[in-house]
>>> print(open('input39.cif').read())   # mmCIF, C-alpha atoms
data_data
loop_
_atom_site.label_atom_id
_atom_site.label_comp_id
_atom_site.auth_asym_id
_atom_site.auth_seq_id
_atom_site.Cartn_x
_atom_site.Cartn_y
_atom_site.Cartn_z
CA MET A 1 7.06 29.32 6.79
CA ALA A 2 5.40 26.65 8.88
CA THR A 3 2.08 25.33 7.67
CA PHE A 4 -1.06 24.83 9.64
CA ARG A 5 -0.79 22.50 12.63
CA LEU A 6 -3.10 21.86 15.54
CA PRO A 7 -1.96 21.42 19.16
CA THR A 8 -2.23 17.62 19.31
CA HIS A 9 -1.46 17.46 23.05
CA ASN A 10 -5.01 18.85 23.41
CA LEU A 11 -7.34 15.86 23.84
CA ARG A 12 -10.31 17.53 22.16
CA VAL A 13 -8.11 18.25 19.14
CA ARG A 14 -6.95 14.62 19.04
CA ARG A 15 -10.58 13.51 19.10
CA ILE A 16 -11.51 15.79 16.20
CA LEU A 17 -8.58 14.51 14.16
CA GLU A 18 -9.37 10.87 14.89
CA GLN A 19 -13.07 11.24 14.09
CA SER A 20 -12.27 13.09 10.87
CA ALA A 21 -9.71 10.48 9.86
CA ARG A 22 -12.29 7.73 10.44
CA LEU A 23 -14.90 9.50 8.29
CA ILE A 24 -12.45 10.31 5.49
CA TYR A 25 -11.12 6.74 5.55
CA GLN A 26 -14.63 5.25 5.38
CA HIS A 27 -16.34 7.59 2.94
CA GLY A 28 -13.52 9.27 1.06
CA PHE A 29 -12.30 12.85 1.27
CA GLU A 30 -14.74 14.19 -1.30
CA SER A 31 -17.84 12.64 0.29
CA THR A 32 -17.05 13.87 3.81
CA SER A 33 -18.44 17.29 4.71
CA MET A 34 -17.40 19.62 7.54
CA GLN A 35 -20.96 19.21 8.84
CA GLN A 36 -20.52 15.43 9.15
CA ILE A 37 -17.22 15.92 10.92
CA ALA A 38 -18.82 18.40 13.35
CA ASP A 39 -21.67 15.91 13.98
CA ALA A 40 -19.27 13.04 14.65
CA CYS A 41 -17.39 15.20 17.14
CA GLY A 42 -20.55 16.46 18.85
CA LEU A 43 -19.73 20.03 17.86
CA THR A 44 -21.64 22.67 15.93
CA LYS A 45 -20.27 23.72 12.57
CA ALA A 46 -19.14 26.98 14.21
CA GLY A 47 -17.46 24.88 16.89
CA ILE A 48 -15.44 22.91 14.37
CA TYR A 49 -14.46 26.08 12.48
CA HIS A 50 -12.89 27.30 15.70
CA TYR A 51 -10.23 24.64 15.15
CA ILE A 52 -10.10 24.20 11.44
CA LYS A 53 -11.07 26.24 8.38
CA THR A 54 -11.01 23.92 5.40
CA LYS A 55 -10.88 20.22 4.58
CA GLU A 56 -7.41 20.74 3.09
CA GLU A 57 -6.18 22.14 6.43
CA LEU A 58 -7.78 19.15 8.10
CA VAL A 59 -5.88 16.62 5.99
CA VAL A 60 -2.57 18.35 6.74
CA ALA A 61 -3.45 18.42 10.44
CA ILE A 62 -4.32 14.69 10.41
CA MET A 63 -1.00 13.92 8.71
CA HIS A 64 1.00 15.92 11.26
CA TYR A 65 -0.96 14.19 14.01
CA GLY A 66 -0.01 10.83 12.45
CA MET A 67 3.64 11.95 12.50
CA ASP A 68 3.31 13.01 16.17
CA LEU A 69 2.00 9.56 17.10
CA PHE A 70 4.69 8.02 15.00
CA GLU A 71 7.49 9.93 16.70
CA GLU A 72 6.08 9.26 20.19
CA GLU A 73 5.39 5.56 19.70
CA ILE A 74 8.17 4.45 17.39
CA TYR A 75 11.04 6.82 16.71
CA GLN A 76 11.65 7.94 20.29
CA LYS A 77 11.20 4.40 21.60
CA VAL A 78 13.77 2.77 19.32
CA VAL A 79 16.36 5.45 18.55
CA ASP A 80 18.44 4.66 21.66
CA ILE A 81 18.46 0.86 21.31
CA GLN A 82 22.12 -0.10 21.03
CA ASP A 83 21.92 -3.32 19.01
CA PRO A 84 21.00 -2.46 15.40
CA VAL A 85 19.11 -5.70 14.68
CA GLU A 86 17.14 -5.31 17.90
CA ARG A 87 16.44 -1.67 16.89
CA LEU A 88 15.03 -2.93 13.56
CA ARG A 89 13.01 -5.63 15.27
CA MET A 90 11.43 -3.18 17.72
CA ALA A 91 10.80 -0.65 14.94
CA MET A 92 8.96 -3.30 12.90
CA MET A 93 6.91 -4.48 15.89
CA ARG A 94 5.93 -0.98 16.96
CA ASN A 95 5.37 0.24 13.42
CA ILE A 96 3.03 -2.65 12.52
CA LYS A 97 1.14 -2.17 15.79
CA LEU A 98 0.70 1.58 15.33
CA THR A 99 -0.21 1.25 11.66
CA LEU A 100 -2.93 -1.31 12.39
CA SER A 101 -4.30 0.17 15.61
CA ARG A 102 -4.51 3.70 14.15
CA LYS A 103 -5.36 2.49 10.68
CA GLU A 104 -7.41 5.51 9.58
CA VAL A 105 -4.70 8.01 10.53
CA ALA A 106 -1.93 5.79 9.16
CA VAL A 107 -3.60 5.32 5.79
CA ILE A 108 -4.20 9.05 5.34
CA LEU A 109 -0.61 9.76 6.39
CA ASN A 110 0.86 7.22 4.00
CA GLU A 111 -1.18 7.45 0.86
CA PRO A 112 -0.10 9.96 -1.77
CA GLN A 113 -1.88 13.24 -1.04
CA THR A 114 -2.10 16.35 -3.12
CA LEU A 115 -0.96 18.95 -0.61
CA PRO A 116 0.27 22.52 -0.74
CA ARG A 117 4.03 22.53 -1.31
CA ALA A 118 5.01 23.88 2.10
CA ALA A 119 2.98 21.21 3.89
CA GLN A 120 4.44 18.51 1.65
CA ARG A 121 7.96 19.70 2.43
CA GLU A 122 7.41 19.70 6.19
CA LEU A 123 5.87 16.25 6.21
CA ASN A 124 8.62 14.88 4.00
CA ALA A 125 11.25 16.26 6.38
CA ARG A 126 9.55 14.50 9.30
CA ARG A 127 9.31 11.24 7.32
CA ARG A 128 12.94 11.54 6.23
CA GLN A 129 14.11 11.37 9.84
CA TYR A 130 12.77 7.82 10.21
CA VAL A 131 14.01 6.68 6.81
CA THR A 132 17.49 7.94 7.72
CA LEU A 133 17.38 6.08 11.03
CA LEU A 134 16.48 2.85 9.26
CA GLU A 135 19.13 3.22 6.55
CA THR A 136 21.78 4.02 9.17
CA THR A 137 20.69 1.02 11.24
CA PHE A 138 20.98 -1.35 8.26
CA ARG A 139 24.47 0.04 7.57
CA GLU A 140 25.50 -0.41 11.19
CA ALA A 141 24.26 -4.00 11.21
CA ILE A 142 26.26 -4.72 8.04
CA GLU A 143 29.41 -3.15 9.53
CA ARG A 144 29.06 -5.27 12.66
CA GLY A 145 28.65 -8.40 10.52
CA GLN A 146 25.17 -9.05 11.92
CA ILE A 147 23.58 -9.05 8.47
CA ARG A 148 24.93 -9.65 5.00
CA SER A 149 25.83 -6.81 2.67
CA ILE A 150 22.51 -5.79 1.15
CA ASP A 151 21.49 -2.40 -0.32
CA PRO A 152 20.39 -0.32 2.73
CA THR A 153 17.98 1.79 0.67
CA VAL A 154 16.18 -1.15 -0.93
CA ALA A 155 16.16 -2.85 2.50
CA THR A 156 14.67 0.23 4.19
CA PHE A 157 11.84 0.68 1.72
CA SER A 158 11.13 -3.06 1.52
CA PHE A 159 10.91 -3.04 5.32
CA LEU A 160 8.49 -0.08 5.16
CA GLY A 161 6.55 -1.63 2.27
CA ILE A 162 5.89 -4.80 4.26
CA ILE A 163 4.73 -2.76 7.27
CA LEU A 164 2.71 -0.08 5.54
CA TRP A 165 0.91 -2.54 3.30
CA THR A 166 -0.61 -4.39 6.29
CA PRO A 167 -3.76 -2.19 6.55
CA ASN A 168 -4.68 -3.34 3.04
CA TRP A 169 -5.05 -6.97 4.04
CA TYR A 170 -4.72 -7.70 7.76
CA ARG A 171 -7.94 -8.45 9.64
CA ALA A 172 -7.99 -8.05 13.42
CA ASP A 173 -10.54 -10.87 13.67
CA GLY A 174 -8.47 -13.24 11.53
CA ARG A 175 -6.07 -16.08 12.26
CA LEU A 176 -3.06 -13.99 13.33
CA SER A 177 -2.71 -11.58 16.26
CA MET A 178 -0.83 -8.34 15.57
CA GLU A 179 2.09 -9.72 17.58
CA GLN A 180 2.15 -12.93 15.54
CA LEU A 181 2.01 -10.97 12.31
CA ALA A 182 4.87 -8.73 13.42
CA ALA A 183 6.98 -11.71 14.55
CA GLU A 184 6.30 -13.59 11.29
CA ALA A 185 7.07 -10.53 9.14
CA PHE A 186 10.32 -9.87 10.99
CA ASP A 187 11.38 -13.50 10.69
CA LEU A 188 10.53 -13.47 6.98
CA PHE A 189 12.45 -10.27 6.38
CA PHE A 190 15.40 -11.25 8.49
CA ARG A 191 15.84 -14.86 7.45
CA GLY A 192 14.18 -14.72 4.01
CA LEU A 193 12.64 -17.71 2.29
CA ALA A 194 15.80 -19.74 1.71
CA PRO A 195 15.64 -23.22 3.24
CA SER A 196 17.69 -23.43 6.42
CA MET B 1 -24.63 -6.93 -12.20
CA ALA B 2 -21.45 -5.87 -13.89
CA THR B 3 -20.31 -2.32 -13.25
CA PHE B 4 -19.17 0.19 -15.79
CA ARG B 5 -16.17 -0.81 -17.90
CA LEU B 6 -14.70 0.65 -21.01
CA PRO B 7 -13.38 -1.38 -23.96
CA THR B 8 -9.67 -1.09 -23.18
CA HIS B 9 -8.58 -2.79 -26.40
CA ASN B 10 -9.64 0.51 -28.03
CA LEU B 11 -6.54 2.71 -28.26
CA ARG B 12 -8.45 5.97 -27.89
CA VAL B 13 -10.03 4.63 -24.70
CA ARG B 14 -6.61 3.61 -23.36
CA ARG B 15 -5.35 7.11 -24.06
CA ILE B 16 -8.25 8.71 -22.20
CA LEU B 17 -7.69 6.46 -19.20
CA GLU B 18 -3.96 7.09 -19.12
CA GLN B 19 -4.32 10.86 -19.44
CA SER B 20 -6.98 10.90 -16.72
CA ALA B 21 -4.86 8.74 -14.43
CA ARG B 22 -1.94 11.14 -14.92
CA LEU B 23 -4.06 14.19 -14.07
CA ILE B 24 -5.69 12.55 -11.04
CA TYR B 25 -2.31 11.31 -9.82
CA GLN B 26 -0.74 14.77 -10.18
CA HIS B 27 -3.53 17.01 -8.97
CA GLY B 28 -5.80 14.76 -6.93
CA PHE B 29 -9.25 13.46 -7.75
CA GLU B 30 -11.07 16.46 -6.35
CA SER B 31 -9.02 19.06 -8.23
CA THR B 32 -9.31 17.36 -11.62
CA SER B 33 -12.31 18.38 -13.73
CA MET B 34 -13.87 16.59 -16.69
CA GLN B 35 -12.96 19.69 -18.71
CA GLN B 36 -9.25 19.27 -17.89
CA ILE B 37 -9.44 15.61 -18.82
CA ALA B 38 -11.11 16.47 -22.14
CA ASP B 39 -8.41 19.09 -22.82
CA ALA B 40 -5.59 16.66 -22.04
CA CYS B 41 -7.11 14.14 -24.46
CA GLY B 42 -7.70 16.72 -27.19
CA LEU B 43 -11.47 16.14 -27.01
CA THR B 44 -14.41 18.43 -26.42
CA LYS B 45 -16.37 17.96 -23.21
CA ALA B 46 -19.13 16.37 -25.30
CA GLY B 47 -16.50 14.10 -26.80
CA ILE B 48 -15.37 12.85 -23.41
CA TYR B 49 -18.97 12.34 -22.25
CA HIS B 50 -19.39 9.96 -25.15
CA TYR B 51 -17.10 7.59 -23.25
CA ILE B 52 -17.65 8.44 -19.65
CA LYS B 53 -20.37 10.15 -17.61
CA THR B 54 -18.92 10.92 -14.18
CA LYS B 55 -15.58 11.08 -12.41
CA GLU B 56 -16.63 8.10 -10.28
CA GLU B 57 -17.16 6.01 -13.42
CA LEU B 58 -13.79 7.18 -14.61
CA VAL B 59 -11.99 5.95 -11.48
CA VAL B 60 -13.63 2.53 -11.76
CA ALA B 61 -12.69 2.39 -15.45
CA ILE B 62 -9.06 3.32 -14.65
CA MET B 63 -8.93 0.59 -12.02
CA HIS B 64 -10.29 -2.06 -14.40
CA TYR B 65 -7.81 -0.87 -16.99
CA GLY B 66 -5.04 -1.31 -14.40
CA MET B 67 -6.30 -4.85 -13.81
CA ASP B 68 -6.35 -5.52 -17.58
CA LEU B 69 -2.72 -4.44 -17.88
CA PHE B 70 -1.92 -6.46 -14.83
CA GLU B 71 -3.45 -9.64 -16.19
CA GLU B 72 -1.85 -9.17 -19.62
CA GLU B 73 1.63 -8.31 -18.37
CA ILE B 74 1.95 -10.37 -15.20
CA TYR B 75 -0.66 -13.01 -14.45
CA GLN B 76 -0.85 -14.55 -17.91
CA LYS B 77 2.93 -14.39 -18.32
CA VAL B 78 3.77 -16.25 -15.11
CA VAL B 79 0.85 -18.59 -14.42
CA ASP B 80 2.30 -21.39 -16.57
CA ILE B 81 5.86 -21.27 -15.25
CA GLN B 82 6.52 -24.71 -13.78
CA ASP B 83 9.11 -23.93 -11.10
CA PRO B 84 7.40 -22.11 -8.21
CA VAL B 85 10.43 -20.05 -7.18
CA GLU B 86 10.99 -19.00 -10.78
CA ARG B 87 7.26 -18.11 -10.99
CA LEU B 88 7.70 -15.86 -7.93
CA ARG B 89 10.86 -14.32 -9.33
CA MET B 90 9.21 -13.48 -12.65
CA ALA B 91 6.10 -12.18 -10.89
CA MET B 92 8.22 -9.83 -8.78
CA MET B 93 10.25 -8.61 -11.78
CA ARG B 94 7.19 -8.01 -13.95
CA ASN B 95 5.14 -6.54 -11.13
CA ILE B 96 7.83 -4.02 -10.14
CA LYS B 97 8.32 -3.06 -13.78
CA LEU B 98 4.61 -2.58 -14.46
CA THR B 99 4.03 -0.72 -11.20
CA LEU B 100 6.83 1.74 -11.91
CA SER B 101 6.32 2.19 -15.65
CA ARG B 102 2.54 2.73 -15.29
CA LYS B 103 2.85 4.48 -11.96
CA GLU B 104 -0.25 6.70 -12.26
CA VAL B 105 -2.55 3.80 -13.12
CA ALA B 106 -0.91 1.51 -10.53
CA VAL B 107 -1.25 4.04 -7.71
CA ILE B 108 -4.93 4.66 -8.44
CA LEU B 109 -5.53 0.91 -8.66
CA ASN B 110 -3.79 0.17 -5.39
CA GLU B 111 -4.71 2.97 -3.06
CA PRO B 112 -7.86 2.58 -1.00
CA GLN B 113 -10.74 4.03 -3.01
CA THR B 114 -14.28 4.73 -1.95
CA LEU B 115 -16.19 2.93 -4.68
CA PRO B 116 -19.73 1.69 -5.18
CA ARG B 117 -20.09 -1.78 -3.66
CA ALA B 118 -20.58 -3.65 -6.93
CA ALA B 119 -17.43 -2.11 -8.42
CA GLN B 120 -15.48 -2.88 -5.26
CA ARG B 121 -16.60 -6.51 -5.38
CA GLU B 122 -15.61 -6.96 -9.02
CA LEU B 123 -12.19 -5.41 -8.54
CA ASN B 124 -11.59 -7.47 -5.41
CA ALA B 125 -12.43 -10.65 -7.29
CA ARG B 126 -9.90 -9.75 -9.98
CA ARG B 127 -7.26 -8.94 -7.34
CA ARG B 128 -8.04 -12.17 -5.47
CA GLN B 129 -7.00 -14.23 -8.48
CA TYR B 130 -3.41 -12.97 -8.24
CA VAL B 131 -3.26 -13.25 -4.46
CA THR B 132 -4.42 -16.87 -4.73
CA LEU B 133 -1.78 -17.61 -7.35
CA LEU B 134 0.94 -16.20 -5.07
CA GLU B 135 -0.27 -18.07 -1.98
CA THR B 136 -0.50 -21.32 -3.93
CA THR B 137 2.97 -20.77 -5.34
CA PHE B 138 4.48 -20.23 -1.87
CA ARG B 139 2.76 -23.44 -0.69
CA GLU B 140 4.06 -25.38 -3.68
CA ALA B 141 7.61 -24.13 -3.08
CA ILE B 142 7.37 -25.20 0.59
CA GLU B 143 6.08 -28.66 -0.39
CA ARG B 144 8.94 -29.10 -2.83
CA GLY B 145 11.42 -28.11 -0.14
CA GLN B 146 12.61 -25.11 -2.17
CA ILE B 147 11.82 -22.67 0.62
CA ARG B 148 11.42 -23.06 4.37
CA SER B 149 8.04 -23.35 6.02
CA ILE B 150 6.84 -19.75 6.29
CA ASP B 151 3.25 -18.44 6.51
CA PRO B 152 2.10 -18.22 2.84
CA THR B 153 -0.34 -15.38 3.58
CA VAL B 154 2.18 -13.17 5.36
CA ALA B 155 4.70 -14.04 2.63
CA THR B 156 2.24 -13.10 -0.15
CA PHE B 157 1.34 -9.72 1.30
CA SER B 158 4.92 -8.93 2.28
CA PHE B 159 5.90 -9.71 -1.32
CA LEU B 160 3.14 -7.39 -2.56
CA GLY B 161 3.99 -4.73 0.03
CA ILE B 162 7.60 -4.57 -1.15
CA ILE B 163 6.48 -4.27 -4.80
CA LEU B 164 3.55 -1.90 -4.41
CA TRP B 165 5.47 0.46 -2.14
CA THR B 166 8.09 1.17 -4.83
CA PRO B 167 6.20 4.08 -6.48
CA ASN B 168 6.44 5.92 -3.13
CA TRP B 169 10.23 6.09 -3.20
CA TYR B 170 11.88 4.80 -6.39
CA ARG B 171 13.27 7.41 -8.77
CA ALA B 172 13.87 6.46 -12.39
CA ASP B 173 16.81 8.91 -12.54
CA GLY B 174 18.43 7.49 -9.42
CA ARG B 175 21.23 5.02 -8.71
CA LEU B 176 19.31 1.81 -9.49
CA SER B 177 17.72 0.68 -12.74
CA MET B 178 14.32 -1.00 -12.45
CA GLU B 179 16.00 -4.33 -13.22
CA GLN B 180 18.57 -3.80 -10.47
CA LEU B 181 15.85 -2.85 -8.00
CA ALA B 182 13.83 -5.94 -8.89
CA ALA B 183 16.88 -8.21 -8.61
CA GLU B 184 17.88 -6.68 -5.27
CA ALA B 185 14.34 -6.91 -3.87
CA PHE B 186 13.99 -10.53 -4.91
CA ASP B 187 17.36 -11.43 -3.40
CA LEU B 188 16.41 -9.64 -0.18
CA PHE B 189 13.07 -11.37 0.02
CA PHE B 190 14.37 -14.75 -0.92
CA ARG B 191 17.57 -14.85 1.12
CA GLY B 192 16.65 -12.35 3.84
CA LEU B 193 19.17 -10.38 5.84
CA ALA B 194 20.79 -13.22 7.73
CA PRO B 195 24.55 -13.44 7.18
CA SER B 196 25.46 -16.27 4.80
#
>>> encode(input="input39.cif", output="C-alpha cells")
Amino acid sequence: MATFRLPTHNLRVRRILEQSARLIYQHGFESTSMQQIADACGLTKAGIYHYIKTKEELVVAIMHYGMDLFEEEIYQKVVDIQDPVERLRMAMMRNIKLTLSRKEVAVILNEPQTLPRAAQRELNARRRQYVTLLETTFREAIERGQIRSIDPTVATFSFLGIILWTPNWYRADGRLSMEQLAAEAFDLFFRGLAPS
Amino acid sequence: MATFRLPTHNLRVRRILEQSARLIYQHGFESTSMQQIADACGLTKAGIYHYIKTKEELVVAIMHYGMDLFEEEIYQKVVDIQDPVERLRMAMMRNIKLTLSRKEVAVILNEPQTLPRAAQRELNARRRQYVTLLETTFREAIERGQIRSIDPTVATFSFLGIILWTPNWYRADGRLSMEQLAAEAFDLFFRGLAPS
C-alpha cells in the first residue's frame, strides 16, 4: 500500500514543502507548528489542512519531494552517460550542488527519521536505485581498468558520505564555490592523497 | 555560562545517557517520554528527575557524553602520534570503531540538533578541537611531502563524511568487519581510485 504523497508537480505544493522544510530545519520538528507552516505559506490553517493532515505526513511528503528532485536533477541526468568515471564525476557534481542548494530538504531526506514502516520501505526503495547505480558504475570502471580494484560498496558509501556531509560544514559565503568544492572532492576521491 | 552537563564518570549517569540515546535513536525524540526513559533505566520518574529535568537537557547531556567518549577514545589517543599519516590512519580507525559501536550516541551527537545557543556554542568548540587537529595534520603531511598538495579543509570534512556516514549503511552482521571497513576506507581515501 502506497503511503501519503503530494503531487509535487504542483507549484503551490512545492512551495508548502519547501517552506515547511526550511522551518523544520531551522527550528526542529518538535518546535514547528502547523500554524507556523500555514503562516509561512500565506495560508490559513484550514488551507494547509487541505493538503496535509499531520506533521508526520508532512515529513514523509518532504522526503518524497527530496527524492523527486533527486531523480530529476541527478539520477535521470547521469544514468545514460556511457563512460563510468564521467558518470561518477557528474553524479558527484550534481549531487553536491543539489544537496547544498536545497539544503533544508536534503538534510531532512538524509537524516535518520522515525517513520511509519510503509513510508520507510518506499523511501528506501527509491534510495536503493541510486546506490545500485553507483555500485554498478564502480564495478564497470574496475572492469574497464579505469580504476583500481576497490570494494564497490565501501566506495559507494564513502562517495555518498563525502557528498552528504557537505551541508554540515560548507558555507556559501566562504572561500570555495560549490563548483570548486565539487571539483576538489572529486579529485580527492579519485586520486586520493598519495603523492603523485 | 556553561550549559547543563552531567558527571559522565558516574556509571549510573552513563547508563541513563546510553539508555536514553538508544530510545531516542529507535523511536525519535518526540515519541520518547521521560517515563519510558525512567523505565528503561529501572528508575522511578522521580529518580530520573534527580539527574535530569527536561528532554532538551537530556539531549545536550547525551551530546556532551558523546564528546567525552570521543575525546577519551580518539583525540587523546592520537594527538601525540608523531607521524601525520599514521595519526590520520589511527584517527580513522578509532573514529569508525567508536561511531559504529556507540551508534546511538554518535548519531545524536552528529545529526543537526536544534539546541539552545549556549549549548550549541560549547559543543561546537569541542568539535572544533578535533577538526583543527585533522586540518593541521593534513598540512603537516603535505609539508613533509607524505601526501600531495590537496585542500586541507575539503580533505578534513571528506574524511569525516566517510566516517560519520557509516552508521547509515554499515551492518555489523554483514560481509565486512569494522576493522576491514576501516582499513578499506583508509586505503580508498589515501590512495584514491586511480589505477596504480
>>> atom_distance(input="input39.cif", atom1="atom CA of B:Leu123", atom2="atom CA of B:Ile37")
23.6 Å
>>> resolve_selection(input="input39.cif", expression="the PyMOL selection byres ((chain A) within 7 of (chain B))", output="number ranges by chain")
A: 27-28, 30, 111, 114, 146-148, 154, 158, 161-162, 165, 185, 188-196
>>> closest_residue(input="input39.cif", among="A:Ser177, A:Leu23, A:Arg87, A:Glu104", to="A:Glu135", atoms="all atoms listed in the file")
A:Arg87
>>> atom_distance(input="input39.cif", atom1="atom CA of B:Lys103", atom2="atom CA of B:Arg22")
8.7 Å
>>> atom_distance(input="input39.cif", atom1="atom CA of A:Lys97", atom2="atom CA of A:Ile74")
9.8 Å
>>> residues_near_point(input="input39.cif", point="(-12.0, 1.2, -17.2)", cutoff="12 Å", atoms="only C-alpha atoms", output="ChimeraX atom specification")
/B:3-10,13-18,20-21,51-52,55-69,105,108-109,119,123
>>> resolve_selection(input="input39.cif", expression="the PyMOL selection byres ((chain B and resi 34) around 10)", output="ChimeraX atom specification")
/B:20,32-33,35-40,44-45,48-49,52-55,58
>>> resolve_selection(input="input39.cif", expression="the PyMOL selection byres ((chain A and resi 130) around 10)", output="ChimeraX atom specification")
/A:70-71,74-75,79,91,125-129,131-136,156
